[in-house]
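For reference, upload38.tsv is printed below; it contains TSV, C-alpha atoms.
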```tsv
chain	number	residue	atom	x	y	z
P	1	MET	CA	-2.13	-16.47	-10.92
P	2	ASP	CA	-2.88	-20.10	-11.64
P	3	THR	CA	-6.51	-21.23	-11.51
P	4	ASP	CA	-5.72	-24.87	-10.73
P	5	ASP	CA	-5.65	-26.19	-7.17
P	6	GLU	CA	-1.96	-25.27	-7.08
P	7	PHE	CA	-1.32	-21.88	-5.51
P	8	ARG	CA	1.15	-19.93	-7.58
P	9	ILE	CA	1.75	-16.23	-8.02
P	10	ASP	CA	3.21	-15.41	-11.42
P	11	PRO	CA	5.92	-12.72	-11.68
P	12	PRO	CA	3.66	-9.95	-13.05
P	13	HIS	CA	1.17	-10.51	-10.23
P	14	ARG	CA	3.96	-10.61	-7.63
P	15	GLU	CA	5.38	-7.33	-8.91
P	16	LEU	CA	1.96	-5.66	-8.78
P	17	LEU	CA	1.21	-6.96	-5.27
P	18	ASP	CA	4.65	-5.86	-4.06
P	19	GLN	CA	3.98	-2.36	-5.38
P	20	ILE	CA	0.42	-2.01	-4.08
P	21	LEU	CA	1.00	-3.63	-0.69
P	22	ASP	CA	4.35	-2.01	0.07
P	23	LYS	CA	5.19	0.03	3.14
P	24	TRP	CA	3.62	3.34	2.06
P	25	SER	CA	1.11	2.50	-0.66
P	26	LEU	CA	-1.65	1.38	1.69
P	27	SER	CA	-1.35	4.60	3.69
P	28	VAL	CA	-1.43	6.72	0.54
P	29	LEU	CA	-4.41	4.81	-0.84
P	30	ASN	CA	-6.22	5.12	2.46
P	31	GLU	CA	-5.81	8.92	2.39
P	32	LEU	CA	-6.81	9.22	-1.26
P	33	CYS	CA	-9.92	7.09	-0.71
P	34	GLU	CA	-11.12	9.86	1.59
P	35	ARG	CA	-10.43	12.77	-0.75
P	36	PRO	CA	-8.03	14.05	-3.43
P	37	CYS	CA	-4.86	15.46	-1.86
P	38	ARG	CA	-1.94	17.60	-2.81
P	39	PHE	CA	1.54	16.22	-2.20
P	40	ASN	CA	2.12	18.20	0.99
P	41	GLU	CA	-1.29	17.20	2.35
P	42	LEU	CA	-0.22	13.57	1.96
P	43	ARG	CA	3.09	14.33	3.68
P	44	ARG	CA	1.26	15.84	6.64
P	45	ALA	CA	-1.23	12.97	6.78
P	46	ILE	CA	1.60	10.39	6.72
P	47	PRO	CA	4.36	12.13	8.69
P	48	GLN	CA	6.73	9.13	8.76
P	49	VAL	CA	7.12	9.01	4.96
P	50	THR	CA	10.03	10.87	3.39
P	51	GLN	CA	9.56	13.12	0.37
P	52	LYS	CA	11.55	10.70	-1.77
P	53	SER	CA	9.51	7.66	-0.66
P	54	LEU	CA	6.21	9.45	-1.16
P	55	THR	CA	7.23	10.58	-4.64
P	56	SER	CA	8.28	7.05	-5.56
P	57	THR	CA	5.09	5.54	-4.12
P	58	LEU	CA	2.86	7.98	-5.99
P	59	ARG	CA	4.69	7.29	-9.27
P	60	ARG	CA	4.28	3.51	-8.85
P	61	LEU	CA	0.60	3.86	-8.01
P	62	GLU	CA	0.09	6.18	-10.97
P	63	ARG	CA	1.94	3.78	-13.29
P	64	ASN	CA	-0.35	0.95	-12.14
P	65	GLY	CA	-3.43	3.04	-12.84
P	66	VAL	CA	-4.73	3.25	-9.28
P	67	VAL	CA	-3.85	6.92	-8.69
P	68	GLU	CA	-4.03	9.83	-11.08
P	69	ARG	CA	-2.05	13.04	-11.01
P	70	GLU	CA	-3.82	16.26	-11.90
P	71	VAL	CA	-2.07	19.56	-12.50
P	72	VAL	CA	-4.19	22.33	-11.01
P	73	SER	CA	-3.85	25.67	-12.76
P	74	THR	CA	-3.39	27.90	-9.76
P	75	ARG	CA	-0.60	30.29	-8.90
P	76	PRO	CA	1.72	28.67	-8.13
P	77	VAL	CA	0.80	25.59	-10.15
P	78	ALA	CA	-0.17	22.70	-7.88
P	79	VAL	CA	-0.51	18.95	-8.31
P	80	ARG	CA	-3.37	17.01	-6.81
P	81	TYR	CA	-3.59	13.22	-6.56
P	82	ARG	CA	-6.77	11.20	-6.52
P	83	ILE	CA	-7.70	7.55	-6.54
P	84	THR	CA	-9.00	6.20	-9.86
P	85	PRO	CA	-12.06	3.99	-10.31
P	86	LEU	CA	-9.63	1.07	-10.67
P	87	GLY	CA	-7.96	2.09	-7.42
P	88	LYS	CA	-11.31	2.13	-5.63
P	89	THR	CA	-11.76	-1.54	-6.49
P	90	LEU	CA	-8.78	-2.31	-4.22
P	91	ARG	CA	-10.70	-1.32	-1.09
P	92	PRO	CA	-12.76	-4.52	-0.64
P	93	PRO	CA	-9.85	-7.01	-0.95
P	94	ILE	CA	-7.63	-4.87	1.27
P	95	ASP	CA	-10.42	-4.64	3.85
P	96	VAL	CA	-10.66	-8.46	3.80
P	97	LEU	CA	-6.90	-8.77	4.42
P	98	LEU	CA	-7.03	-6.25	7.27
P	99	ALA	CA	-10.02	-8.04	8.82
P	100	TRP	CA	-8.15	-11.35	8.57
P	101	ALA	CA	-5.10	-9.79	10.27
P	102	SER	CA	-7.23	-8.30	13.06
P	103	GLN	CA	-9.12	-11.53	13.64
P	104	ASN	CA	-5.98	-13.66	13.69
P	105	MET	CA	-3.56	-11.30	15.44
P	106	PRO	CA	-3.76	-13.12	18.80
P	107	ALA	CA	-2.82	-16.43	17.15
P	108	ILE	CA	-0.09	-14.75	15.13
P	109	THR	CA	1.33	-13.07	18.23
P	110	HIS	CA	1.30	-16.43	20.04
P	111	ALA	CA	3.09	-18.13	17.11
P	112	ARG	CA	5.70	-15.35	16.96
P	113	ASP	CA	6.35	-15.56	20.69
P	114	ALA	CA	6.71	-19.36	20.52
P	115	PHE	CA	9.08	-19.09	17.57
P	116	ASP	CA	11.20	-16.40	19.27
P	117	THR	CA	11.40	-18.49	22.45
P	118	ARG	CA	12.57	-21.54	20.47
P	119	GLU	CA	15.14	-19.40	18.66
P	120	GLU	CA	16.48	-17.96	21.91
P	121	GLU	CA	16.70	-21.41	23.50
P	122	SER	CA	18.52	-22.93	20.53
P	123	GLY	CA	21.05	-20.07	20.40
P	124	PRO	CA	23.21	-19.05	17.45
```
Please lay out the structure from this file as structure tokens.
Amino acid sequence: MDTDDEFRIDPPHRELLDQILDKWSLSVLNELCERPCRFNELRRAIPQVTQKSLTSTLRRLERNGVVEREVVSTRPVAVRYRITPLGKTLRPPIDVLLAWASQNMPAITHARDAFDTREEESGP
């Protein structure tokens, strides 16, 4: 990201933000902030996510260093996921974004409605 007055998101930053702020990552991170979870615990906690999407999300988060995978030596062998110290540092900025969204949702809803009305009036 550029430090000048110009707002620019460089490709590596964009890729990281896309991966951390995608459809399922925030839900996974939210669960793992509470406690370490096994894969099926995450599936139950986020029932809308498919097995394939959850697997992919966990791999991306692990690759970025915000989640770690631990093999638990039980019978049968289990895998537990937990948030890393780096992952915990995501909580404050995400909380700020969520607070901004909550605070501004009425204005955003109004803007969306106005846009949709203009679109409907102008036709295809």
Practice problem: Could you tell me how far CA of Glu34 in chain P lies from CA of Arg80 in chain P, in Å and to one decimal? | Solution: 13.5 Å
Residues of range 39-98 of chain P that have any atom at most 12 Å from an atom of range 102-115 of chain P: could you tabulate them with the shortest-distance atom pair and the distance in Å to one decimal, using only C-alpha atoms, ordered by chain and increasing number, as CSV?
```
residue,atom,partner,partner_atom,distance
P:Asp95,CA,P:Ser102,CA,10.4
P:Val96,CA,P:Ser102,CA,9.9
P:Leu97,CA,P:Ser102,CA,8.7
P:Leu98,CA,P:Ser102,CA,6.1
```
Quiz prompt | Spatial neighbours of Asp22 in chain P, 12 Å, all atoms listed in the file, chain gap at least 3 places, as a PyMOL selection string | solution = chain P and resi 14-19+25-29+53-54+56-58+60-61
Residues of the last selection are to be written out with C-alpha atoms, as a short mmCIF file (atom, residue, chain, number, x, y, z; two decimals), in the frame of the given file.
```
data_model
loop_
_atom_site.label_atom_id
_atom_site.label_comp_id
_atom_site.auth_asym_id
_atom_site.auth_seq_id
_atom_site.Cartn_x
_atom_site.Cartn_y
_atom_site.Cartn_z
CA ARG P 14 3.96 -10.61 -7.63
CA GLU P 15 5.38 -7.33 -8.91
CA LEU P 16 1.96 -5.66 -8.78
CA LEU P 17 1.21 -6.96 -5.27
CA ASP P 18 4.65 -5.86 -4.06
CA GLN P 19 3.98 -2.36 -5.38
CA SER P 25 1.11 2.50 -0.66
CA LEU P 26 -1.65 1.38 1.69
CA SER P 27 -1.35 4.60 3.69
CA VAL P 28 -1.43 6.72 0.54
CA LEU P 29 -4.41 4.81 -0.84
CA SER P 53 9.51 7.66 -0.66
CA LEU P 54 6.21 9.45 -1.16
CA SER P 56 8.28 7.05 -5.56
CA THR P 57 5.09 5.54 -4.12
CA LEU P 58 2.86 7.98 -5.99
CA ARG P 60 4.28 3.51 -8.85
CA LEU P 61 0.60 3.86 -8.01
#
```
Quiz item: When you draw a straight line from CA of Arg38 in chain P to CA of Thr55 in chain P, how long is it in Å?
Solution: 11.7 Å
Quiz item: How many Å separate CA of Ala101 in chain P from CA of Leu21 in chain P?
Solution: 14.0 Å
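Distances to Leu42 in chain P were evaluated for P:Leu90, P:Arg59, P:Val66, P:Tyr81 using all atoms listed in the file, and the minimum falls at P:Tyr81.
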Provide an axis-aligned box for all listed atoms of range 14-28 of chain P, padding each side by 5 Å; report its centre and its edge lengths in Å to one decimal, as lines of an AutoDock Vina configuration file.
```
center_x = 1.9
center_y = -1.9
center_z = -2.6
size_x = 17.0
size_y = 27.3
size_z = 22.6
```
Please, can range 28-51 of chain P be completed to N, CA and C atoms and returned as a PDB file, in the frame of the given file?
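out_8.pdb written:
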```pdb
ATOM      1  N   VAL P  28      -1.085   5.735   1.578  1.00  0.00           N
ATOM      2  CA  VAL P  28      -1.430   6.720   0.540  1.00  0.00           C
ATOM      3  C   VAL P  28      -2.825   6.430   0.005  1.00  0.00           C
ATOM      4  N   LEU P  29      -3.095   5.164  -0.318  1.00  0.00           N
ATOM      5  CA  LEU P  29      -4.410   4.810  -0.840  1.00  0.00           C
ATOM      6  C   LEU P  29      -5.515   5.100   0.163  1.00  0.00           C
ATOM      7  N   ASN P  30      -5.240   4.840   1.427  1.00  0.00           N
ATOM      8  CA  ASN P  30      -6.220   5.120   2.460  1.00  0.00           C
ATOM      9  C   ASN P  30      -6.571   6.612   2.491  1.00  0.00           C
ATOM     10  N   GLU P  31      -5.563   7.475   2.405  1.00  0.00           N
ATOM     11  CA  GLU P  31      -5.810   8.920   2.390  1.00  0.00           C
ATOM     12  C   GLU P  31      -6.574   9.346   1.143  1.00  0.00           C
ATOM     13  N   LEU P  32      -6.178   8.802  -0.012  1.00  0.00           N
ATOM     14  CA  LEU P  32      -6.810   9.220  -1.260  1.00  0.00           C
ATOM     15  C   LEU P  32      -8.218   8.663  -1.416  1.00  0.00           C
ATOM     16  N   CYS P  33      -8.538   7.592  -0.703  1.00  0.00           N
ATOM     17  CA  CYS P  33      -9.920   7.090  -0.710  1.00  0.00           C
ATOM     18  C   CYS P  33     -10.852   8.095  -0.051  1.00  0.00           C
ATOM     19  N   GLU P  34     -10.319   8.867   0.878  1.00  0.00           N
ATOM     20  CA  GLU P  34     -11.120   9.860   1.590  1.00  0.00           C
ATOM     21  C   GLU P  34     -11.372  11.098   0.745  1.00  0.00           C
ATOM     22  N   ARG P  35     -10.319  11.549   0.036  1.00  0.00           N
ATOM     23  CA  ARG P  35     -10.430  12.770  -0.750  1.00  0.00           C
ATOM     24  C   ARG P  35      -9.164  12.946  -1.586  1.00  0.00           C
ATOM     25  N   PRO P  36      -9.253  13.707  -2.682  1.00  0.00           N
ATOM     26  CA  PRO P  36      -8.030  14.050  -3.430  1.00  0.00           C
ATOM     27  C   PRO P  36      -7.118  14.891  -2.532  1.00  0.00           C
ATOM     28  N   CYS P  37      -5.819  14.737  -2.700  1.00  0.00           N
ATOM     29  CA  CYS P  37      -4.860  15.460  -1.860  1.00  0.00           C
ATOM     30  C   CYS P  37      -3.707  15.990  -2.706  1.00  0.00           C
ATOM     31  N   ARG P  38      -3.197  17.107  -2.266  1.00  0.00           N
ATOM     32  CA  ARG P  38      -1.940  17.600  -2.810  1.00  0.00           C
ATOM     33  C   ARG P  38      -0.803  16.849  -2.123  1.00  0.00           C
ATOM     34  N   PHE P  39       0.368  16.939  -2.717  1.00  0.00           N
ATOM     35  CA  PHE P  39       1.540  16.220  -2.200  1.00  0.00           C
ATOM     36  C   PHE P  39       1.784  16.536  -0.734  1.00  0.00           C
ATOM     37  N   ASN P  40       1.814  17.824  -0.389  1.00  0.00           N
ATOM     38  CA  ASN P  40       2.120  18.200   0.990  1.00  0.00           C
ATOM     39  C   ASN P  40       1.027  17.792   1.979  1.00  0.00           C
ATOM     40  N   GLU P  41      -0.210  17.713   1.499  1.00  0.00           N
ATOM     41  CA  GLU P  41      -1.290  17.200   2.350  1.00  0.00           C
ATOM     42  C   GLU P  41      -1.027  15.736   2.700  1.00  0.00           C
ATOM     43  N   LEU P  42      -0.569  14.984   1.704  1.00  0.00           N
ATOM     44  CA  LEU P  42      -0.220  13.570   1.960  1.00  0.00           C
ATOM     45  C   LEU P  42       0.948  13.475   2.925  1.00  0.00           C
ATOM     46  N   ARG P  43       1.941  14.331   2.757  1.00  0.00           N
ATOM     47  CA  ARG P  43       3.090  14.330   3.680  1.00  0.00           C
ATOM     48  C   ARG P  43       2.654  14.596   5.106  1.00  0.00           C
ATOM     49  N   ARG P  44       1.752  15.540   5.292  1.00  0.00           N
ATOM     50  CA  ARG P  44       1.260  15.840   6.640  1.00  0.00           C
ATOM     51  C   ARG P  44       0.411  14.693   7.190  1.00  0.00           C
ATOM     52  N   ALA P  45      -0.358  14.058   6.331  1.00  0.00           N
ATOM     53  CA  ALA P  45      -1.230  12.970   6.780  1.00  0.00           C
ATOM     54  C   ALA P  45      -0.436  11.711   7.118  1.00  0.00           C
ATOM     55  N   ILE P  46       0.735  11.551   6.482  1.00  0.00           N
ATOM     56  CA  ILE P  46       1.600  10.390   6.720  1.00  0.00           C
ATOM     57  C   ILE P  46       2.982  10.925   7.106  1.00  0.00           C
ATOM     58  N   PRO P  47       3.140  11.416   8.321  1.00  0.00           N
ATOM     59  CA  PRO P  47       4.360  12.130   8.690  1.00  0.00           C
ATOM     60  C   PRO P  47       5.641  11.287   8.658  1.00  0.00           C
ATOM     61  N   GLN P  48       5.528   9.973   8.744  1.00  0.00           N
ATOM     62  CA  GLN P  48       6.730   9.130   8.760  1.00  0.00           C
ATOM     63  C   GLN P  48       7.364   8.971   7.370  1.00  0.00           C
ATOM     64  N   VAL P  49       6.608   9.229   6.306  1.00  0.00           N
ATOM     65  CA  VAL P  49       7.120   9.010   4.960  1.00  0.00           C
ATOM     66  C   VAL P  49       8.031  10.174   4.553  1.00  0.00           C
ATOM     67  N   THR P  50       9.126   9.830   3.894  1.00  0.00           N
ATOM     68  CA  THR P  50      10.030  10.870   3.390  1.00  0.00           C
ATOM     69  C   THR P  50       9.493  11.382   2.049  1.00  0.00           C
ATOM     70  N   GLN P  51       9.967  12.541   1.651  1.00  0.00           N
ATOM     71  CA  GLN P  51       9.560  13.120   0.370  1.00  0.00           C
ATOM     72  C   GLN P  51       9.906  12.168  -0.771  1.00  0.00           C
TER      73      GLN P  51
END
```
